[in-house]
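Student: Take a look at this one; I'll ask things after.
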Amino acid sequence: MTLIVHKYGGTSVADLERIRNVAQRIKHRIDAGERLCVVVSAMAGQTNRLVEWVTSLDPARYDRAEYDQVVASGEQVTIGLLAIALQHLGVPARSFLGWQAGIRTDGAHASARITEIDPTPLRRCIEAGIVPVVAGFQGIGPDGRMTTLGRGGSDTSAVALAAALEADRCDIFTDVDGVYTSDPRIVSKARKLDRITYEEMLEMASVGAKVLQTRSVALAMRHKVRLQVLSSFEDKPGTLVVDEDEIVETQIVSGIAYTRDEAKVSVVRVMDRPGVAAALFGPLAEANINVDMIVQSVSRDGVHTNMTFTVSRADLPRARAVLESVREQVGFERIDADDEIVKISVIGVGMRSHAGIAHRMFRTLADRGINIQAISTSEIKVSVLIAEEYTELALRALHSAYGLDRS
Ligand code: ASP
Ligand code: MG
């Protein structure tokens with residue numbers, strides 16, 4: 001018998017009617033002979049409300065362990081309600097909190113990593129013909145306290161459980177019906193992909209396609225868990241995330257993603273000598289600020305250089321402060337910052353074997369008069385930084401240029 005892990009996100013369990021709808025779907029699958037383990041998120045908006053309560057009491061120095069205790073509670077409500085809705089339909093079901101399901105994590109409260117899962121309690125439950133309904137997003141730390149896995153973490157719970165239970169697949173039910181070649185709200189000709197590779201999905205997730213938590217994709221790739229993203233409202237296949245060798249017809253480019261979460265920082269007229277990069281980026285790293293695209297331009301006098309890079313918008317004020325604190329010691333003229341930018345990425349495993357992908361991107365943007373402010377590349381991705389006002393124009397033009405438009 002096949003064993004599938006189902007995960008239902010916040011919008012799929014947003015109210016009682018939707019919870020009943022999910023219970024119906026599960027009943028259909030069980031009647032069709034599947035064995036299931038179900039993972040759920042909190043009702044849509046609930047986790048945000050809980051986070052707000054914590055941060056309103058103490059914005060800066062709240063106890064992260066107590067934060068976890070509070071924000072993990074949203075899932076406790078939905079697992080119980082879904083178990084009751086299932087029982088009401090005559091489907092035996094039982095709810096499990098993370099610790100009851102044997103999910104152990106490290107002690108990094110608010111962004112804990114799963115270290116170990118003892119699948120015995122869930123296995124027993126499934127073998128007894130009872131559907132386990134597990135709280136996503138949470139586990140138990142080394143000291144026995146509640147932990148949470150970072151926002152969007154129930155995707156990761158589901159994948160980790162699928163790996164531990166050696167499930168045949170992990171189905172992520174959500175409010176979209178799959179992974180698209182680009183954001184359909186902007187690119188009306190975007191197409192749903194039948195399949196995408198783990199690597200591509202990883203890049204898509206990390207540069208803004210918010211359908212899966214990035215960490216869950218990395219975990220699925222590591223443990224070779226077959227993942228499917230599909231709608232909890234419609235009955236049709238979604239997008240399968242699989243190994244490259246399972247993709248029959250590879251596209252050179254699979255998708256165009258974007259993120260408005262970054263800001264550009266330029267350190268102007270810094271002395272061009274060995275050690276400046278280390279002197280600037282060392283303190284940023286110590287402050288836990290991630291730096292992404294980096295461009296160093298040589299100025300005409302050959303003595304000074306400009307160092308441009310991106311940080312997340314949320315980190316911009318802190319990044320400024322950290323850089324100001326080393327200005328004397330490093331020696332530079334000023335810091336310019338711009339948060340009206342967007343990072344656009346063209347992603348595809350086919351890039352490894354095809355030349356000219358980046359050139360087509362640059363040409364397409366140049367033809368529209370769009371200036372590129374920074375570039376970065378990986379083996380299967382080219383990203384550029386442009387002014388935010390060109391987001392729509394650039395996405396649509398690139399989508400056409402790589403032949404992704406739906407006909
Ligand atoms: N409820 C949690 C959140 O909103 C976890 C999840 O939905 O995946 O981040
Ligand atoms: Mg989510």
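To be explicit about the labels: the chains of the structure tokens are called A, B, and onward in the order shown, and within each one the residues are counted from 1, while ligands get numbers from 1 in the order they are shown.
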Go through chain A and flag each residue having an atom no more than 6 Å from ligand 1; for those, report the closest pair of atoms plus their distance in Å to one decimal, using only C-alpha atoms and all ligand atoms, ordered by chain and rising number, as JSON lines.
Tutor:
{"residue": "A:Gly9", "atom": "CA", "partner": "ligand 1", "partner_atom_place_in_ligand_line": "7 (O)", "distance": 5.8}
{"residue": "A:Gly10", "atom": "CA", "partner": "ligand 1", "partner_atom_place_in_ligand_line": "7 (O)", "distance": 5.6}
{"residue": "A:Ser41", "atom": "CA", "partner": "ligand 1", "partner_atom_place_in_ligand_line": "7 (O)", "distance": 4.6}
{"residue": "A:Ala42", "atom": "CA", "partner": "ligand 1", "partner_atom_place_in_ligand_line": "1 (N)", "distance": 4.6}
{"residue": "A:Thr47", "atom": "CA", "partner": "ligand 1", "partner_atom_place_in_ligand_line": "4 (O)", "distance": 4.9}
{"residue": "A:Phe137", "atom": "CA", "partner": "ligand 1", "partner_atom_place_in_ligand_line": "5 (C)", "distance": 4.9}
{"residue": "A:Arg151", "atom": "CA", "partner": "ligand 1", "partner_atom_place_in_ligand_line": "9 (O)", "distance": 3.4}
{"residue": "A:Gly152", "atom": "CA", "partner": "ligand 1", "partner_atom_place_in_ligand_line": "8 (O)", "distance": 3.2}
{"residue": "A:Gly153", "atom": "CA", "partner": "ligand 1", "partner_atom_place_in_ligand_line": "8 (O)", "distance": 4.3}
{"residue": "A:Ser154", "atom": "CA", "partner": "ligand 1", "partner_atom_place_in_ligand_line": "8 (O)", "distance": 3.8}
{"residue": "A:Asp155", "atom": "CA", "partner": "ligand 1", "partner_atom_place_in_ligand_line": "8 (O)", "distance": 5.7}
Student: Show which residues sit within 6 Å of A:Met293, as number ranges by chain. Count only C-alpha atoms, and ignore same-chain residues fewer than 4 positions away.
Tutor: A: 309-310, 376
Student: Find the residues near A:Val159: any atom within 8 Å, counting only C-alpha atoms, skip ones fewer than 6 places away on the same chain, and give them as a list of chain:residue names.
Tutor: A:Val5, A:Cys170, A:Ser216, A:Leu219, A:Ala220, A:Val225, A:Leu227
Student: Go ahead and write the residues just picked, N, CA, C and O atoms, as a PDB file, in the first residue's frame.
Tutor:
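Result file follows (out-v5.pdb):
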ATOM      1  N   VAL A   5       2.356  11.478   2.505  1.00  0.00           N
ATOM      2  CA  VAL A   5       2.213  12.541   3.507  1.00  0.00           C
ATOM      3  C   VAL A   5       1.480  13.698   2.836  1.00  0.00           C
ATOM      4  O   VAL A   5       1.854  14.130   1.749  1.00  0.00           O
ATOM      5  N   CYS A 170       5.245  13.203  -0.953  1.00  0.00           N
ATOM      6  CA  CYS A 170       4.780  14.235  -0.030  1.00  0.00           C
ATOM      7  C   CYS A 170       3.983  15.251  -0.836  1.00  0.00           C
ATOM      8  O   CYS A 170       4.532  15.906  -1.715  1.00  0.00           O
ATOM      9  N   SER A 216      12.580  23.232   3.034  1.00  0.00           N
ATOM     10  CA  SER A 216      11.883  21.972   2.762  1.00  0.00           C
ATOM     11  C   SER A 216      12.350  21.376   1.436  1.00  0.00           C
ATOM     12  O   SER A 216      12.423  20.159   1.285  1.00  0.00           O
ATOM     13  N   LEU A 219      15.742  19.756   1.916  1.00  0.00           N
ATOM     14  CA  LEU A 219      15.570  18.490   2.635  1.00  0.00           C
ATOM     15  C   LEU A 219      15.035  17.396   1.693  1.00  0.00           C
ATOM     16  O   LEU A 219      15.506  16.251   1.722  1.00  0.00           O
ATOM     17  N   ALA A 220      14.073  17.762   0.867  1.00  0.00           N
ATOM     18  CA  ALA A 220      13.507  16.794  -0.094  1.00  0.00           C
ATOM     19  C   ALA A 220      14.588  16.319  -1.055  1.00  0.00           C
ATOM     20  O   ALA A 220      14.674  15.137  -1.388  1.00  0.00           O
ATOM     21  N   VAL A 225      12.897  12.817  -1.493  1.00  0.00           N
ATOM     22  CA  VAL A 225      11.451  12.723  -1.277  1.00  0.00           C
ATOM     23  C   VAL A 225      10.755  13.322  -2.496  1.00  0.00           C
ATOM     24  O   VAL A 225      11.027  14.460  -2.861  1.00  0.00           O
ATOM     25  N   LEU A 227       8.110  15.272  -4.216  1.00  0.00           N
ATOM     26  CA  LEU A 227       7.240  16.327  -3.699  1.00  0.00           C
ATOM     27  C   LEU A 227       6.231  16.689  -4.761  1.00  0.00           C
ATOM     28  O   LEU A 227       6.571  16.734  -5.940  1.00  0.00           O
TER      29      LEU A 227
END
Student: Pick out the residues no farther than 12 Å from ligand 2, counting only C-alpha atoms and all ligand atoms, and list them as an NGL selection string.
Tutor: :A and (7-12 or 39-45 or 47 or 136-137 or 150-158 or 172-176 or 205 or 209-216 or 229)
Student: Suppose we keep N, CA and C atoms; can you now write the selection as a CSV table (one decimal), in the first residue's frame?
Tutor:
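Dumped to again-v6.csv:
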chain,number,residue,atom,x,y,z
A,7,LYS,N,0.2,17.7,3.3
A,7,LYS,CA,0.4,18.9,4.1
A,7,LYS,C,-0.6,19.9,3.6
A,8,TYR,N,-1.4,20.4,4.5
A,8,TYR,CA,-2.4,21.5,4.2
A,8,TYR,C,-2.0,22.8,4.8
A,9,GLY,N,-1.8,23.8,4.0
A,9,GLY,CA,-1.4,25.1,4.5
A,9,GLY,C,-2.5,25.9,5.1
A,10,GLY,N,-2.1,27.1,5.6
A,10,GLY,CA,-3.1,27.9,6.4
A,10,GLY,C,-4.3,28.3,5.7
A,11,THR,N,-4.3,28.6,4.4
A,11,THR,CA,-5.5,29.0,3.6
A,11,THR,C,-6.4,27.8,3.5
A,12,SER,N,-5.8,26.6,3.5
A,12,SER,CA,-6.7,25.3,3.3
A,12,SER,C,-7.4,25.0,4.5
A,39,VAL,N,-0.2,16.6,7.8
A,39,VAL,CA,0.5,17.6,8.5
A,39,VAL,C,-0.3,18.9,8.2
A,40,VAL,N,-0.6,19.7,9.2
A,40,VAL,CA,-1.3,21.0,9.0
A,40,VAL,C,-0.6,22.2,9.6
A,41,SER,N,-0.9,23.3,8.9
A,41,SER,CA,-0.4,24.6,9.5
A,41,SER,C,-1.5,25.2,10.4
A,42,ALA,N,-1.3,26.4,10.9
A,42,ALA,CA,-2.3,27.1,11.7
A,42,ALA,C,-3.3,27.7,10.7
A,43,MET,N,-4.4,28.1,11.1
A,43,MET,CA,-5.4,28.9,10.3
A,43,MET,C,-4.7,30.1,9.7
A,44,ALA,N,-5.0,30.4,8.5
A,44,ALA,CA,-4.4,31.6,7.8
A,44,ALA,C,-4.5,32.8,8.7
A,45,GLY,N,-3.4,33.5,8.9
A,45,GLY,CA,-3.3,34.8,9.7
A,45,GLY,C,-3.1,34.6,11.1
A,47,THR,N,-0.8,32.7,12.8
A,47,THR,CA,0.6,32.8,13.3
A,47,THR,C,1.0,34.2,13.3
A,136,GLY,N,2.4,20.9,12.1
A,136,GLY,CA,3.6,21.3,11.4
A,136,GLY,C,4.3,22.4,12.2
A,137,PHE,N,5.5,22.8,11.7
A,137,PHE,CA,6.2,24.0,12.2
A,137,PHE,C,6.8,23.9,13.6
A,150,GLY,N,10.8,28.2,12.0
A,150,GLY,CA,10.9,29.4,11.1
A,150,GLY,C,9.6,29.4,10.3
A,151,ARG,N,9.3,30.7,9.8
A,151,ARG,CA,8.0,30.9,9.2
A,151,ARG,C,7.9,30.0,7.9
A,152,GLY,N,6.8,29.5,7.7
A,152,GLY,CA,6.6,28.6,6.6
A,152,GLY,C,7.1,27.2,6.8
A,153,GLY,N,7.4,26.9,8.1
A,153,GLY,CA,8.1,25.7,8.5
A,153,GLY,C,7.3,24.4,8.4
A,154,SER,N,6.0,24.5,8.2
A,154,SER,CA,5.3,23.2,8.2
A,154,SER,C,5.6,22.4,6.9
A,155,ASP,N,6.0,23.1,5.8
A,155,ASP,CA,6.5,22.4,4.6
A,155,ASP,C,7.6,21.5,5.0
A,156,THR,N,8.5,22.0,5.8
A,156,THR,CA,9.7,21.2,6.2
A,156,THR,C,9.3,20.1,7.1
A,157,SER,N,8.3,20.3,8.0
A,157,SER,CA,7.8,19.2,8.9
A,157,SER,C,7.3,18.1,8.0
A,158,ALA,N,6.6,18.4,7.0
A,158,ALA,CA,5.9,17.4,6.1
A,158,ALA,C,7.0,16.6,5.4
A,172,ILE,N,2.0,18.7,-1.1
A,172,ILE,CA,1.8,19.9,-0.4
A,172,ILE,C,0.5,20.6,-1.0
A,173,PHE,N,-0.5,20.6,-0.2
A,173,PHE,CA,-1.8,21.2,-0.7
A,173,PHE,C,-1.8,22.7,-0.3
A,174,THR,N,-2.1,23.5,-1.3
A,174,THR,CA,-2.0,25.0,-1.0
A,174,THR,C,-3.1,25.7,-1.8
A,175,ASP,N,-3.0,27.1,-1.8
A,175,ASP,CA,-4.0,27.8,-2.5
A,175,ASP,C,-3.7,28.1,-4.0
A,176,VAL,N,-2.5,27.6,-4.5
A,176,VAL,CA,-2.2,27.7,-5.9
A,176,VAL,C,-2.2,26.2,-6.4
A,205,ALA,N,12.6,29.0,-5.0
A,205,ALA,CA,12.1,29.3,-3.6
A,205,ALA,C,13.0,30.4,-3.0
A,209,ALA,N,9.8,32.8,-5.3
A,209,ALA,CA,8.6,32.1,-5.5
A,209,ALA,C,8.2,31.4,-4.2
A,210,LYS,N,7.2,32.0,-3.5
A,210,LYS,CA,6.9,31.6,-2.1
A,210,LYS,C,6.1,30.4,-1.9
A,211,VAL,N,6.0,29.5,-2.9
A,211,VAL,CA,5.1,28.4,-2.7
A,211,VAL,C,5.6,27.3,-1.8
A,212,LEU,N,6.9,27.2,-1.6
A,212,LEU,CA,7.5,26.2,-0.7
A,212,LEU,C,8.6,26.9,0.2
A,213,GLN,N,8.7,26.5,1.4
A,213,GLN,CA,9.8,27.0,2.2
A,213,GLN,C,11.1,26.4,1.7
A,214,THR,N,12.1,27.3,1.4
A,214,THR,CA,13.4,26.8,0.8
A,214,THR,C,14.0,25.6,1.5
A,215,ARG,N,13.9,25.6,2.8
A,215,ARG,CA,14.5,24.6,3.6
A,215,ARG,C,13.9,23.2,3.3
A,216,SER,N,12.6,23.2,3.0
A,216,SER,CA,11.9,22.0,2.8
A,216,SER,C,12.4,21.4,1.4
A,229,VAL,N,3.3,19.8,-5.5
A,229,VAL,CA,2.6,21.0,-5.0
A,229,VAL,C,1.2,21.0,-5.8
Student: Just want the 6 Å neighbourhood of A:Ala167, counted on only C-alpha atoms, with same-chain residues fewer than 5 positions away dropped. Output as an MDAnalysis selection string.
Tutor: chainID A and resid 3:4 162
Student: Would you export the selected residues with N, CA, C and O atoms as a compact mmCIF listing (two decimals), in the first residue's frame, please?
Tutor:
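What follows is the written file selection.txt:
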# COMPACT_ATOMS: atom_id res chain seq x y z
N LEU A 3 2.01 4.95 0.86
CA LEU A 3 1.90 5.87 1.99
C LEU A 3 2.26 7.27 1.51
O LEU A 3 3.33 7.49 0.95
N ILE A 4 1.35 8.19 1.70
CA ILE A 4 1.57 9.57 1.26
C ILE A 4 1.46 10.50 2.45
O ILE A 4 0.58 10.32 3.30
N ALA A 162 7.92 12.67 5.74
CA ALA A 162 7.89 11.78 4.57
C ALA A 162 9.18 10.97 4.50
O ALA A 162 9.17 9.77 4.22
Student: Go through A:Gly98, A:Gly255, A:Pro119, A:Pro274 and flag the residue nearest A:Leu165, using only C-alpha atoms for the distances.
Tutor: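 Closest to A:Leu165 of all the choices is A:Pro119.
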Student: Grab the atom CA of A:Glu234 to atom CA of A:Asp168 distance for me, in Å with one decimal place.
Tutor: 21.9 Å
Student: Listing only residues of stretch 18-71 of chain A within 10 Å of stretch 125-131 of chain A, what is the closest atom pair and its distance in Å (to one decimal) for each, using only C-alpha atoms, sorted by chain and residue number ascending, as JSON lines?
Tutor:
{"residue": "A:Ile26", "atom": "CA", "partner": "A:Val131", "partner_atom": "CA", "distance": 9.2}
{"residue": "A:Lys27", "atom": "CA", "partner": "A:Val131", "partner_atom": "CA", "distance": 9.9}
{"residue": "A:Ile30", "atom": "CA", "partner": "A:Val131", "partner_atom": "CA", "distance": 9.0}
{"residue": "A:Arg35", "atom": "CA", "partner": "A:Ile126", "partner_atom": "CA", "distance": 7.1}
{"residue": "A:Leu36", "atom": "CA", "partner": "A:Val131", "partner_atom": "CA", "distance": 6.2}
{"residue": "A:Cys37", "atom": "CA", "partner": "A:Val131", "partner_atom": "CA", "distance": 6.1}
{"residue": "A:Val38", "atom": "CA", "partner": "A:Val131", "partner_atom": "CA", "distance": 7.2}
Student: I need the residues in stretch 23-263 of chain A that are helix (DSSP H, G or I) according to DSSP; give them as a ChimeraX atom specification.
Tutor: /A:23-31,46-57,64-71,73-88,120-127,154-164,198-206,214-223,244-246
Student: Give the strand (DSSP E) residues of stretch 45-280 of chain A, as DSSP finds them on the backbone, and put them as a ChimeraX atom specification.
Tutor: /A:93-96,103-105,114-117,131-135,138-140,146-148,169-174,195-197,227-231,239-242,255-259,262-271
Student: With only C-alpha atoms as the counted atoms, please give the residues lying no more than 7 Å from stretch 334-348 of chain A, apart from itself and same-chain residues fewer than 6 positions off, as an MDAnalysis selection string.
Tutor: chainID A and resid 200 252:260 262:268 313 380:388 391
Student: Contacts of stretch 59-75 of chain A at 9 Å or less, counting only C-alpha atoms, minus same-chain residues fewer than 4 places along, as a list in words?
Tutor: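 These residues fall inside the cut-off: Val40, Ser41, Ala42, Met43, Gln46, Thr47, Asn48, Arg49, Leu50, Val51, Trp53, Val54, Thr55, Ile79, Gly80, Leu97, Gly107, Ala108, His109, Ala110, Val134, Ala135, Gly136, Phe137, Gln138, Arg145, Met146, Thr147 and Thr148 of chain A.
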Student: Keeping N, CA and C atoms, export the residues of the selection given above as a compact mmCIF listing (two decimals), in the first residue's frame.
Tutor:
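Just written: selection16.txt:
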# COMPACT_ATOMS: atom_id res chain seq x y z
N VAL A 40 -0.59 19.72 9.23
CA VAL A 40 -1.29 20.98 8.97
C VAL A 40 -0.58 22.19 9.57
N SER A 41 -0.87 23.34 8.95
CA SER A 41 -0.45 24.64 9.48
C SER A 41 -1.55 25.20 10.36
N ALA A 42 -1.28 26.36 10.93
CA ALA A 42 -2.31 27.10 11.67
C ALA A 42 -3.27 27.74 10.67
N MET A 43 -4.44 28.13 11.13
CA MET A 43 -5.38 28.86 10.26
C MET A 43 -4.70 30.11 9.71
N GLN A 46 -3.30 33.33 11.60
CA GLN A 46 -3.22 33.06 13.04
C GLN A 46 -1.79 33.22 13.56
N THR A 47 -0.82 32.67 12.83
CA THR A 47 0.57 32.76 13.30
C THR A 47 1.02 34.23 13.35
N ASN A 48 0.61 35.01 12.34
CA ASN A 48 0.95 36.44 12.36
C ASN A 48 0.40 37.12 13.61
N ARG A 49 -0.84 36.77 13.95
CA ARG A 49 -1.46 37.38 15.13
C ARG A 49 -0.67 37.01 16.39
N LEU A 50 -0.28 35.76 16.48
CA LEU A 50 0.46 35.30 17.67
C LEU A 50 1.82 36.01 17.77
N VAL A 51 2.49 36.14 16.62
CA VAL A 51 3.78 36.83 16.59
C VAL A 51 3.60 38.27 17.06
N TRP A 53 1.34 39.52 19.03
CA TRP A 53 1.12 39.60 20.48
C TRP A 53 2.45 39.58 21.21
N VAL A 54 3.32 38.68 20.81
CA VAL A 54 4.62 38.57 21.49
C VAL A 54 5.41 39.87 21.32
N THR A 55 5.50 40.34 20.08
CA THR A 55 6.36 41.50 19.84
C THR A 55 5.76 42.79 20.39
N ILE A 79 -4.91 20.85 14.30
CA ILE A 79 -4.81 19.38 14.29
C ILE A 79 -6.01 18.76 15.01
N GLY A 80 -6.40 19.37 16.13
CA GLY A 80 -7.54 18.84 16.87
C GLY A 80 -8.83 18.95 16.07
N LEU A 97 0.96 16.60 18.52
CA LEU A 97 1.86 17.76 18.54
C LEU A 97 3.22 17.27 18.06
N GLY A 107 18.29 23.54 19.49
CA GLY A 107 17.71 24.51 20.42
C GLY A 107 17.61 25.92 19.86
N ALA A 108 17.74 26.07 18.54
CA ALA A 108 17.70 27.41 17.93
C ALA A 108 16.25 27.88 17.83
N HIS A 109 15.73 28.40 18.94
CA HIS A 109 14.32 28.81 18.98
C HIS A 109 13.99 29.78 17.85
N ALA A 110 12.79 29.63 17.29
CA ALA A 110 12.25 30.44 16.19
C ALA A 110 12.83 30.05 14.82
N VAL A 134 -0.66 15.70 12.23
CA VAL A 134 0.50 16.21 12.97
C VAL A 134 0.62 17.73 12.84
N ALA A 135 0.96 18.39 13.92
CA ALA A 135 1.19 19.83 13.91
C ALA A 135 2.50 20.13 13.17
N GLY A 136 2.40 20.92 12.11
CA GLY A 136 3.60 21.34 11.40
C GLY A 136 4.32 22.41 12.18
N PHE A 137 5.54 22.77 11.71
CA PHE A 137 6.21 24.00 12.17
C PHE A 137 6.83 23.87 13.56
N GLN A 138 6.67 22.71 14.23
CA GLN A 138 7.15 22.64 15.61
C GLN A 138 7.85 21.32 15.94
N ARG A 145 12.00 21.79 25.61
CA ARG A 145 11.08 22.91 25.37
C ARG A 145 10.62 22.94 23.92
N MET A 146 9.45 23.56 23.71
CA MET A 146 8.89 23.68 22.36
C MET A 146 9.81 24.51 21.47
N THR A 147 9.92 24.12 20.22
CA THR A 147 10.67 24.93 19.25
C THR A 147 9.80 25.10 18.00
N THR A 148 10.10 26.15 17.21
CA THR A 148 9.46 26.27 15.89
C THR A 148 10.55 26.37 14.83
